[in-house]
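Visitor: Below is a structure I'd like to ask you about.
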Amino acid sequence: MKKTLLNYLACPVCAGDIKLNSVSAEEGVEILEGELQCDSCAKAFLIVRGIPRFADLQTVDADKQATAESFGWSWTKFSHDDEKFAQQFLDWIAPVTADFFAGKVVLEGGCGKGRHTRRIAGWGAQDIVAVDLSDAVEVAFAATRGLPNAHIIQADIFRLPLRRAFDYAFSVGVLHHLPNPRDGFKSLVSKVKSGGHMSAWIYGAENNGWIVSFVNPVRRVTSSMNRRALFQLSKLPAAAVYLSTKLIYAPLNQSNSGKQVARHLFYNDYLNYISRFDWREQHSIVFDHLVAPTAFYISREEFEQWWRDVGAQDVIINWHNQNSWRGFGRIP
Ligand SMILES: C[S@@+](CC[C@H](N)C(=O)[O-])C[C@H]1O[C@@H](n2cnc3c(N)ncnc32)[C@H](O)[C@@H]1O
Ligand SMILES: [Zn+2]
């Protein structure tokens, strides 16, 4: 943890100021071990292995705990980075571009292994504060360690230990895994300054009826399986996805005559999109779908309502890969 993080922290219990109470280990800009404390209610929060801990996985609700445990395991196993993640991220938050981040104070809701956090720090954000509930924070911390403008905290999106101090907040691939996606969205928006912006990318209900009918029942079983067994088992569907994207979807979509045929293929936009990724990433995507205990598929109408509820202005909502929604808007 860097001392500059204190500029953004507020007590999750009483919203009081948070001060640094003690430091027992430091390395360069990072405080590795120590204690934070609320100036008003005196609640203390530990800094462990460089990460301030505002949530305890043992005490959060059971559904949140199950989701966090699944993803914590997943991101620790699939901790790889890939240069293609930069464009994938920008595709999730379009129309935002990399130069948008320069000088901004940014909040990331559900950072996983920190792949976007690291890039945003490199794109010149003044500061990026990235929050995750799971053990993935350990991987995210390792990915951003020593970067003066990147901050990782372990916290629940519904109980953010933060001030309303952000120019921009975003969440990609997270809200649909929360027990109440709309409240998670509102919680992030509540930390954006007046005139700042918000982006969210979520699974769509439209075109995903087959997942709800066929994958959700499978997921109910696989999400509670032994993780190591699921890791091995998920190689089977991952191999089917990998072979079809590399041997069918990519070649057809890349040739002029093939494109006409590809248009009619099952789930073409998405499967063609992920054909750019190597085996490890495609396996990670398939595993991610099977390990998540909670996944909501949200209609455009419902997503539009979220933005109306927070009074967002100039909202842009697009259909991404014909299976998901991305939104961007200004917070009044
Ligand atoms: C599918 S991953 C996406 C991670 C990252 N946004 C990315 O694109 O690489 C979902 C993440 O949300 C986190 N998460 C789930 N519930 C959360 C909560 N209540 N508060 C904070 N993070 C949460 C999980 O731990 C997981 O890392
Ligand atoms: Zn307090």
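To be explicit about the labels: the chains of the structure tokens are called A, B, and onward in the order shown, and within each one the residues are counted from 1, while ligands get numbers from 1 in the order they are shown.
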Per DSSP on the backbone, filter stretch 120-281 of chain A down to the residues in strand (DSSP E or B) and report them as a PyMOL selection string.
Guide: chain A and resi 127-132+150-154+162+166-172+192-204
Visitor: Check which residues fall inside 12 Å of ligand 2 when counting only C-alpha atoms and all ligand atoms, and print them as a PyMOL selection string.
Guide: chain A and resi 9-19+36-45+54+161-162
Visitor: Can I get the selected residues back with C-alpha atoms, as an mmCIF file, in the first residue's frame?
Guide:
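Wrote again_22.cif, looks like this:
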data_model
loop_
_atom_site.group_PDB
_atom_site.id
_atom_site.type_symbol
_atom_site.label_atom_id
_atom_site.label_comp_id
_atom_site.auth_asym_id
_atom_site.auth_seq_id
_atom_site.Cartn_x
_atom_site.Cartn_y
_atom_site.Cartn_z
ATOM 1 C CA LEU A 9 -10.027 6.078 1.837
ATOM 2 C CA ALA A 10 -13.070 6.488 4.093
ATOM 3 C CA CYS A 11 -14.268 4.180 6.841
ATOM 4 C CA PRO A 12 -16.766 1.608 5.460
ATOM 5 C CA VAL A 13 -18.580 1.657 8.822
ATOM 6 C CA CYS A 14 -18.986 5.400 9.534
ATOM 7 C CA ALA A 15 -17.387 7.182 6.513
ATOM 8 C CA GLY A 16 -14.823 8.794 8.830
ATOM 9 C CA ASP A 17 -11.241 9.585 7.798
ATOM 10 C CA ILE A 18 -8.776 6.733 7.763
ATOM 11 C CA LYS A 19 -5.307 7.243 9.177
ATOM 12 C CA LEU A 36 -5.119 1.563 9.319
ATOM 13 C CA GLN A 37 -7.644 3.051 11.705
ATOM 14 C CA CYS A 38 -10.788 5.143 11.452
ATOM 15 C CA ASP A 39 -10.373 8.544 13.106
ATOM 16 C CA SER A 40 -14.049 8.623 14.118
ATOM 17 C CA CYS A 41 -15.145 5.120 15.189
ATOM 18 C CA ALA A 42 -11.643 3.707 15.829
ATOM 19 C CA LYS A 43 -12.274 0.563 13.741
ATOM 20 C CA ALA A 44 -8.943 -0.912 12.661
ATOM 21 C CA PHE A 45 -8.053 -2.510 9.313
ATOM 22 C CA PHE A 54 -11.427 -4.040 4.425
ATOM 23 C CA PRO A 161 -14.071 2.038 1.989
ATOM 24 C CA LEU A 162 -13.749 5.064 -0.281
#
Visitor: Please report, as a ChimeraX atom specification, each residue of stretch 6-143 of chain A to which DSSP assigns alpha helix (DSSP H) when run on this structure's backbone.
Guide: /A:62-77,85-93,115-122,136-143
Visitor: Would you export the selected residues with C-alpha atoms as a PDB file, in the first residue's frame, please?
Guide:
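Contents of the output file out.pdb:
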ATOM      1  CA  ALA A  62     -22.260 -17.006   1.906  1.00  0.00           C
ATOM      2  CA  ASP A  63     -23.104 -16.226  -1.747  1.00  0.00           C
ATOM      3  CA  LYS A  64     -20.446 -13.515  -1.971  1.00  0.00           C
ATOM      4  CA  GLN A  65     -17.973 -15.797  -0.243  1.00  0.00           C
ATOM      5  CA  ALA A  66     -18.615 -18.609  -2.751  1.00  0.00           C
ATOM      6  CA  THR A  67     -18.123 -16.238  -5.718  1.00  0.00           C
ATOM      7  CA  ALA A  68     -14.960 -14.759  -4.243  1.00  0.00           C
ATOM      8  CA  GLU A  69     -13.519 -18.196  -3.479  1.00  0.00           C
ATOM      9  CA  SER A  70     -14.165 -19.376  -7.042  1.00  0.00           C
ATOM     10  CA  PHE A  71     -12.559 -16.348  -8.639  1.00  0.00           C
ATOM     11  CA  GLY A  72      -9.731 -16.189  -6.138  1.00  0.00           C
ATOM     12  CA  TRP A  73      -8.745 -19.714  -7.133  1.00  0.00           C
ATOM     13  CA  SER A  74      -9.260 -18.975 -10.807  1.00  0.00           C
ATOM     14  CA  TRP A  75      -7.113 -15.829 -11.014  1.00  0.00           C
ATOM     15  CA  THR A  76      -4.352 -17.414  -8.967  1.00  0.00           C
ATOM     16  CA  LYS A  77      -4.251 -20.310 -11.443  1.00  0.00           C
ATOM     17  CA  PHE A  85      -5.804  -7.867 -23.043  1.00  0.00           C
ATOM     18  CA  ALA A  86      -5.246  -4.141 -23.701  1.00  0.00           C
ATOM     19  CA  GLN A  87      -7.492  -4.060 -26.780  1.00  0.00           C
ATOM     20  CA  GLN A  88      -9.967  -6.456 -25.183  1.00  0.00           C
ATOM     21  CA  PHE A  89     -10.285  -4.094 -22.234  1.00  0.00           C
ATOM     22  CA  LEU A  90     -10.758  -1.054 -24.497  1.00  0.00           C
ATOM     23  CA  ASP A  91     -13.448  -2.993 -26.377  1.00  0.00           C
ATOM     24  CA  TRP A  92     -15.249  -3.552 -23.063  1.00  0.00           C
ATOM     25  CA  ILE A  93     -15.205   0.129 -22.121  1.00  0.00           C
ATOM     26  CA  ARG A 115      -4.549  -6.911 -15.771  1.00  0.00           C
ATOM     27  CA  HIS A 116      -6.474  -3.672 -16.421  1.00  0.00           C
ATOM     28  CA  THR A 117      -5.144  -1.928 -13.301  1.00  0.00           C
ATOM     29  CA  ARG A 118      -1.551  -2.243 -14.475  1.00  0.00           C
ATOM     30  CA  ARG A 119      -2.352  -0.889 -17.935  1.00  0.00           C
ATOM     31  CA  ILE A 120      -4.357   2.062 -16.643  1.00  0.00           C
ATOM     32  CA  ALA A 121      -1.456   3.012 -14.374  1.00  0.00           C
ATOM     33  CA  GLY A 122       0.756   2.905 -17.489  1.00  0.00           C
ATOM     34  CA  ALA A 136      -7.057 -12.422  -6.574  1.00  0.00           C
ATOM     35  CA  VAL A 137      -5.861  -9.222  -4.840  1.00  0.00           C
ATOM     36  CA  GLU A 138      -2.587 -11.051  -4.130  1.00  0.00           C
ATOM     37  CA  VAL A 139      -2.042 -11.555  -7.880  1.00  0.00           C
ATOM     38  CA  ALA A 140      -3.166  -7.977  -8.630  1.00  0.00           C
ATOM     39  CA  PHE A 141      -0.769  -6.621  -6.024  1.00  0.00           C
ATOM     40  CA  ALA A 142       2.129  -8.589  -7.539  1.00  0.00           C
ATOM     41  CA  ALA A 143       1.183  -7.241 -10.998  1.00  0.00           C
TER      42      ALA A 143
END
Visitor: So that I can see what lies close to A:Phe214, please list as an MDAnalysis selection string the residues with an atom at most 12 Å from it, counting only C-alpha atoms and leaving out residues fewer than 6 positions away in the same chain.
Guide: chainID A and resid 208 220 290
Visitor: Rank nothing, just name the residue among A:Met1, A:Leu175, A:Leu252, A:Leu243 nearest to A:Phe277, using only C-alpha atoms.
Guide: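 With only C-alpha atoms as the atom set, the closest residue is A:Leu243.
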Visitor: Please report the interatomic distance between atom CA of A:Asn272 and atom CA of A:Gln260 in Å with one decimal.
Guide: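 Atom CA of A:Asn272 sits 13.5 Å away from atom CA of A:Gln260.
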Visitor: Counting only C-alpha atoms, what is within 12 Å of stretch 172-174 of chain A, bar same-chain residues fewer than 6 positions away, as an mmCIF file with C-alpha atoms, in the first residue's frame?
Guide:
data_model
loop_
_atom_site.group_PDB
_atom_site.id
_atom_site.type_symbol
_atom_site.label_atom_id
_atom_site.label_comp_id
_atom_site.auth_asym_id
_atom_site.auth_seq_id
_atom_site.Cartn_x
_atom_site.Cartn_y
_atom_site.Cartn_z
ATOM 1 C CA LYS A 64 -20.446 -13.515 -1.971
ATOM 2 C CA THR A 67 -18.123 -16.238 -5.718
ATOM 3 C CA ALA A 68 -14.960 -14.759 -4.243
ATOM 4 C CA PHE A 71 -12.559 -16.348 -8.639
ATOM 5 C CA GLN A 88 -9.967 -6.456 -25.183
ATOM 6 C CA PHE A 89 -10.285 -4.094 -22.234
ATOM 7 C CA LEU A 90 -10.758 -1.054 -24.497
ATOM 8 C CA ASP A 91 -13.448 -2.993 -26.377
ATOM 9 C CA TRP A 92 -15.249 -3.552 -23.063
ATOM 10 C CA ILE A 93 -15.205 0.129 -22.121
ATOM 11 C CA ALA A 94 -15.667 1.727 -25.567
ATOM 12 C CA LEU A 107 -11.875 3.287 -9.451
ATOM 13 C CA GLU A 108 -11.978 -0.309 -10.685
ATOM 14 C CA GLY A 109 -14.721 -2.537 -9.258
ATOM 15 C CA GLY A 110 -13.589 -6.188 -9.215
ATOM 16 C CA CYS A 111 -10.039 -6.074 -10.562
ATOM 17 C CA GLY A 112 -9.323 -9.828 -10.550
ATOM 18 C CA GLY A 114 -5.056 -6.641 -12.010
ATOM 19 C CA ARG A 115 -4.549 -6.911 -15.771
ATOM 20 C CA HIS A 116 -6.474 -3.672 -16.421
ATOM 21 C CA THR A 117 -5.144 -1.928 -13.301
ATOM 22 C CA VAL A 131 -10.976 -3.307 -5.461
ATOM 23 C CA ASP A 132 -11.604 -7.036 -5.296
ATOM 24 C CA LEU A 133 -13.146 -9.250 -2.646
ATOM 25 C CA ASP A 156 -16.651 -5.678 -1.051
ATOM 26 C CA ILE A 157 -18.156 -3.579 -3.856
ATOM 27 C CA ASN A 180 -27.628 -7.818 -6.647
ATOM 28 C CA PRO A 181 -25.975 -6.370 -9.789
ATOM 29 C CA ARG A 182 -27.894 -3.082 -9.781
ATOM 30 C CA GLY A 184 -23.268 -3.046 -7.010
ATOM 31 C CA PHE A 185 -23.479 -0.618 -9.926
ATOM 32 C CA LEU A 188 -19.576 2.209 -7.607
ATOM 33 C CA MET A 198 -18.847 5.476 -15.287
ATOM 34 C CA SER A 199 -18.453 2.406 -17.528
ATOM 35 C CA ALA A 200 -19.896 -1.071 -17.051
ATOM 36 C CA TRP A 201 -19.774 -4.226 -19.122
ATOM 37 C CA ILE A 202 -22.191 -7.037 -18.319
ATOM 38 C CA TYR A 203 -23.559 -10.272 -19.806
ATOM 39 C CA GLY A 204 -26.697 -9.658 -21.887
ATOM 40 C CA ILE A 285 -12.625 -18.189 -20.287
ATOM 41 C CA ASP A 288 -14.530 -18.830 -15.630
ATOM 42 C CA HIS A 289 -17.988 -19.737 -16.945
ATOM 43 C CA ALA A 292 -18.877 -18.872 -11.112
ATOM 44 C CA THR A 294 -23.775 -16.672 -9.641
ATOM 45 C CA ALA A 295 -24.303 -15.226 -13.108
ATOM 46 C CA PHE A 296 -27.171 -12.965 -14.142
ATOM 47 C CA TYR A 297 -28.001 -12.227 -17.774
ATOM 48 C CA SER A 324 -23.226 -8.446 -23.801
ATOM 49 C CA TRP A 325 -23.909 -4.801 -22.963
ATOM 50 C CA ARG A 326 -21.432 -2.044 -22.386
ATOM 51 C CA GLY A 327 -22.466 1.325 -21.064
ATOM 52 C CA PHE A 328 -20.801 4.685 -20.495
#
Visitor: Which of these, A:Leu46, A:Leu20, A:Val60, A:Ile274, has the shortest distance to ligand 1 once you count only C-alpha atoms and all ligand atoms?
Guide: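 Result for the nearest residue to ligand 1: A:Val60.
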Visitor: I'd like the contact shell of A:Pro237 - 12 Å cut-off, only C-alpha atoms, skipping same-chain residues fewer than 5 positions apart - returned as a list in words.
Guide: Val215, Leu230, Phe231, Gln232, Tyr242, Leu243, Ser244, Trp279, Gln282, His283, Ser284, Ile285, Val286, Phe287, His289 and Leu290 of chain A
Visitor: So which one's closest to ligand 1, A:Ile298, A:Leu57, A:Leu265, A:Val96? Using only C-alpha atoms and all ligand atoms, please.
Guide: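 Among the listed residues, the smallest separation from ligand 1 belongs to A:Leu57.
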Visitor: A:Thr4: which residues within 9 Å, counting only C-alpha atoms, same-chain residues fewer than 2 positions away excluded, as a PDB file with all heavy atoms, in the first residue's frame?
Guide:
ATOM      1  N   MET A   1       0.844  -1.201   0.000  1.00  0.00           N
ATOM      2  CA  MET A   1       0.000   0.000   0.000  1.00  0.00           C
ATOM      3  C   MET A   1       0.875   1.244   0.000  1.00  0.00           C
ATOM      4  O   MET A   1       1.838   1.331   0.751  1.00  0.00           O
ATOM      5  CB  MET A   1      -0.875  -0.008   1.262  1.00  0.00           C
ATOM      6  CG  MET A   1      -1.779   1.203   1.338  1.00  0.00           C
ATOM      7  SD  MET A   1      -2.418   1.532   2.996  1.00  0.00           S
ATOM      8  CE  MET A   1      -2.074   3.277   3.121  1.00  0.00           C
ATOM      9  N   LYS A   2       0.516   2.196  -0.869  1.00  0.00           N
ATOM     10  CA  LYS A   2       1.239   3.470  -0.882  1.00  0.00           C
ATOM     11  C   LYS A   2       0.489   4.478  -0.017  1.00  0.00           C
ATOM     12  O   LYS A   2      -0.742   4.465   0.011  1.00  0.00           O
ATOM     13  CB  LYS A   2       1.340   4.025  -2.311  1.00  0.00           C
ATOM     14  CG  LYS A   2       2.192   3.208  -3.244  1.00  0.00           C
ATOM     15  CD  LYS A   2       1.325   2.365  -4.144  1.00  0.00           C
ATOM     16  CE  LYS A   2       2.136   1.317  -4.883  1.00  0.00           C
ATOM     17  NZ  LYS A   2       1.270   0.347  -5.576  1.00  0.00           N
ATOM     18  N   LEU A   6      -4.276   6.950   1.102  1.00  0.00           N
ATOM     19  CA  LEU A   6      -5.055   7.561   2.202  1.00  0.00           C
ATOM     20  C   LEU A   6      -5.938   8.700   1.708  1.00  0.00           C
ATOM     21  O   LEU A   6      -6.999   8.969   2.285  1.00  0.00           O
ATOM     22  CB  LEU A   6      -4.103   8.079   3.293  1.00  0.00           C
ATOM     23  CG  LEU A   6      -3.368   6.996   4.087  1.00  0.00           C
ATOM     24  CD1 LEU A   6      -2.265   7.595   4.936  1.00  0.00           C
ATOM     25  CD2 LEU A   6      -4.355   6.225   4.966  1.00  0.00           C
ATOM     26  N   ASN A   7      -5.524   9.354   0.601  1.00  0.00           N
ATOM     27  CA  ASN A   7      -6.333  10.458   0.035  1.00  0.00           C
ATOM     28  C   ASN A   7      -7.725   9.993  -0.378  1.00  0.00           C
ATOM     29  O   ASN A   7      -8.630  10.816  -0.522  1.00  0.00           O
ATOM     30  CB  ASN A   7      -5.669  11.035  -1.225  1.00  0.00           C
ATOM     31  CG  ASN A   7      -4.319  11.641  -0.919  1.00  0.00           C
ATOM     32  OD1 ASN A   7      -4.116  12.100   0.202  1.00  0.00           O
ATOM     33  ND2 ASN A   7      -3.413  11.637  -1.879  1.00  0.00           N
ATOM     34  N   TYR A   8      -7.885   8.695  -0.626  1.00  0.00           N
ATOM     35  CA  TYR A   8      -9.152   8.192  -1.192  1.00  0.00           C
ATOM     36  C   TYR A   8      -9.963   7.365  -0.205  1.00  0.00           C
ATOM     37  O   TYR A   8     -11.104   7.012  -0.482  1.00  0.00           O
ATOM     38  CB  TYR A   8      -8.856   7.347  -2.449  1.00  0.00           C
ATOM     39  CG  TYR A   8      -7.994   8.111  -3.438  1.00  0.00           C
ATOM     40  CD1 TYR A   8      -6.670   7.753  -3.665  1.00  0.00           C
ATOM     41  CD2 TYR A   8      -8.511   9.211  -4.114  1.00  0.00           C
ATOM     42  CE1 TYR A   8      -5.874   8.475  -4.546  1.00  0.00           C
ATOM     43  CE2 TYR A   8      -7.729   9.944  -4.990  1.00  0.00           C
ATOM     44  CZ  TYR A   8      -6.408   9.571  -5.207  1.00  0.00           C
ATOM     45  OH  TYR A   8      -5.629  10.296  -6.065  1.00  0.00           O
ATOM     46  N   ASP A 127      -4.169   8.296 -10.302  1.00  0.00           N
ATOM     47  CA  ASP A 127      -4.184   7.138  -9.414  1.00  0.00           C
ATOM     48  C   ASP A 127      -5.285   6.193  -9.862  1.00  0.00           C
ATOM     49  O   ASP A 127      -6.330   6.653 -10.315  1.00  0.00           O
ATOM     50  CB  ASP A 127      -4.491   7.562  -7.961  1.00  0.00           C
ATOM     51  CG  ASP A 127      -3.259   8.131  -7.276  1.00  0.00           C
ATOM     52  OD1 ASP A 127      -2.269   7.383  -7.137  1.00  0.00           O
ATOM     53  OD2 ASP A 127      -3.287   9.313  -6.905  1.00  0.00           O
ATOM     54  N   PRO A 148       3.751   3.640  -8.601  1.00  0.00           N
ATOM     55  CA  PRO A 148       3.332   4.630  -7.595  1.00  0.00           C
ATOM     56  C   PRO A 148       1.865   5.020  -7.672  1.00  0.00           C
ATOM     57  O   PRO A 148       1.284   5.465  -6.689  1.00  0.00           O
ATOM     58  CB  PRO A 148       4.226   5.843  -7.889  1.00  0.00           C
ATOM     59  CG  PRO A 148       4.753   5.629  -9.260  1.00  0.00           C
ATOM     60  CD  PRO A 148       4.771   4.156  -9.521  1.00  0.00           C
ATOM     61  N   ASN A 149       1.225   4.835  -8.831  1.00  0.00           N
ATOM     62  CA  ASN A 149      -0.170   5.289  -8.989  1.00  0.00           C
ATOM     63  C   ASN A 149      -1.184   4.151  -8.995  1.00  0.00           C
ATOM     64  O   ASN A 149      -2.348   4.364  -9.311  1.00  0.00           O
ATOM     65  CB  ASN A 149      -0.313   6.131 -10.274  1.00  0.00           C
ATOM     66  CG  ASN A 149       0.192   5.403 -11.517  1.00  0.00           C
ATOM     67  OD1 ASN A 149       0.869   4.376 -11.415  1.00  0.00           O
ATOM     68  ND2 ASN A 149      -0.132   5.921 -12.691  1.00  0.00           N
ATOM     69  N   HIS A 151      -3.168   1.149  -6.829  1.00  0.00           N
ATOM     70  CA  HIS A 151      -3.497   0.765  -5.450  1.00  0.00           C
ATOM     71  C   HIS A 151      -4.488  -0.396  -5.472  1.00  0.00           C
ATOM     72  O   HIS A 151      -5.524  -0.310  -6.128  1.00  0.00           O
ATOM     73  CB  HIS A 151      -4.169   1.941  -4.724  1.00  0.00           C
ATOM     74  CG  HIS A 151      -3.410   3.229  -4.857  1.00  0.00           C
ATOM     75  ND1 HIS A 151      -2.411   3.602  -3.993  1.00  0.00           N
ATOM     76  CD2 HIS A 151      -3.505   4.219  -5.783  1.00  0.00           C
ATOM     77  CE1 HIS A 151      -1.928   4.778  -4.361  1.00  0.00           C
ATOM     78  NE2 HIS A 151      -2.567   5.177  -5.445  1.00  0.00           N
TER      79      HIS A 151
END
Visitor: When distances are computed from only C-alpha atoms and all ligand atoms, which of A:Ile31, A:Ala55, A:Ile47, A:Val23 shows the smallest separation from ligand 1?
Guide: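 With only C-alpha atoms and all ligand atoms as the atom set, the closest residue is A:Ala55.
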Visitor: Rank A:Ala262, A:Val105, A:Ala125, A:Lys3 by their smallest atom-to-atom distance to A:Asp167, using only C-alpha atoms, and report the top residue only.
Guide: A:Val105
Visitor: With distances taken over only C-alpha atoms, which residue among A:Pro293, A:Arg300, A:Phe101, A:Gln58 lies nearest A:Met225?
Guide: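 Checking each candidate against A:Met225, we get A:Pro293 as the closest.
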Visitor: What does the distance between atom 3 (C, counted along the ligand's line) of ligand 1 and atom CA of A:Asp135 come to in Å, to one decimal place?
Guide: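 It comes out at 12.6 Å.
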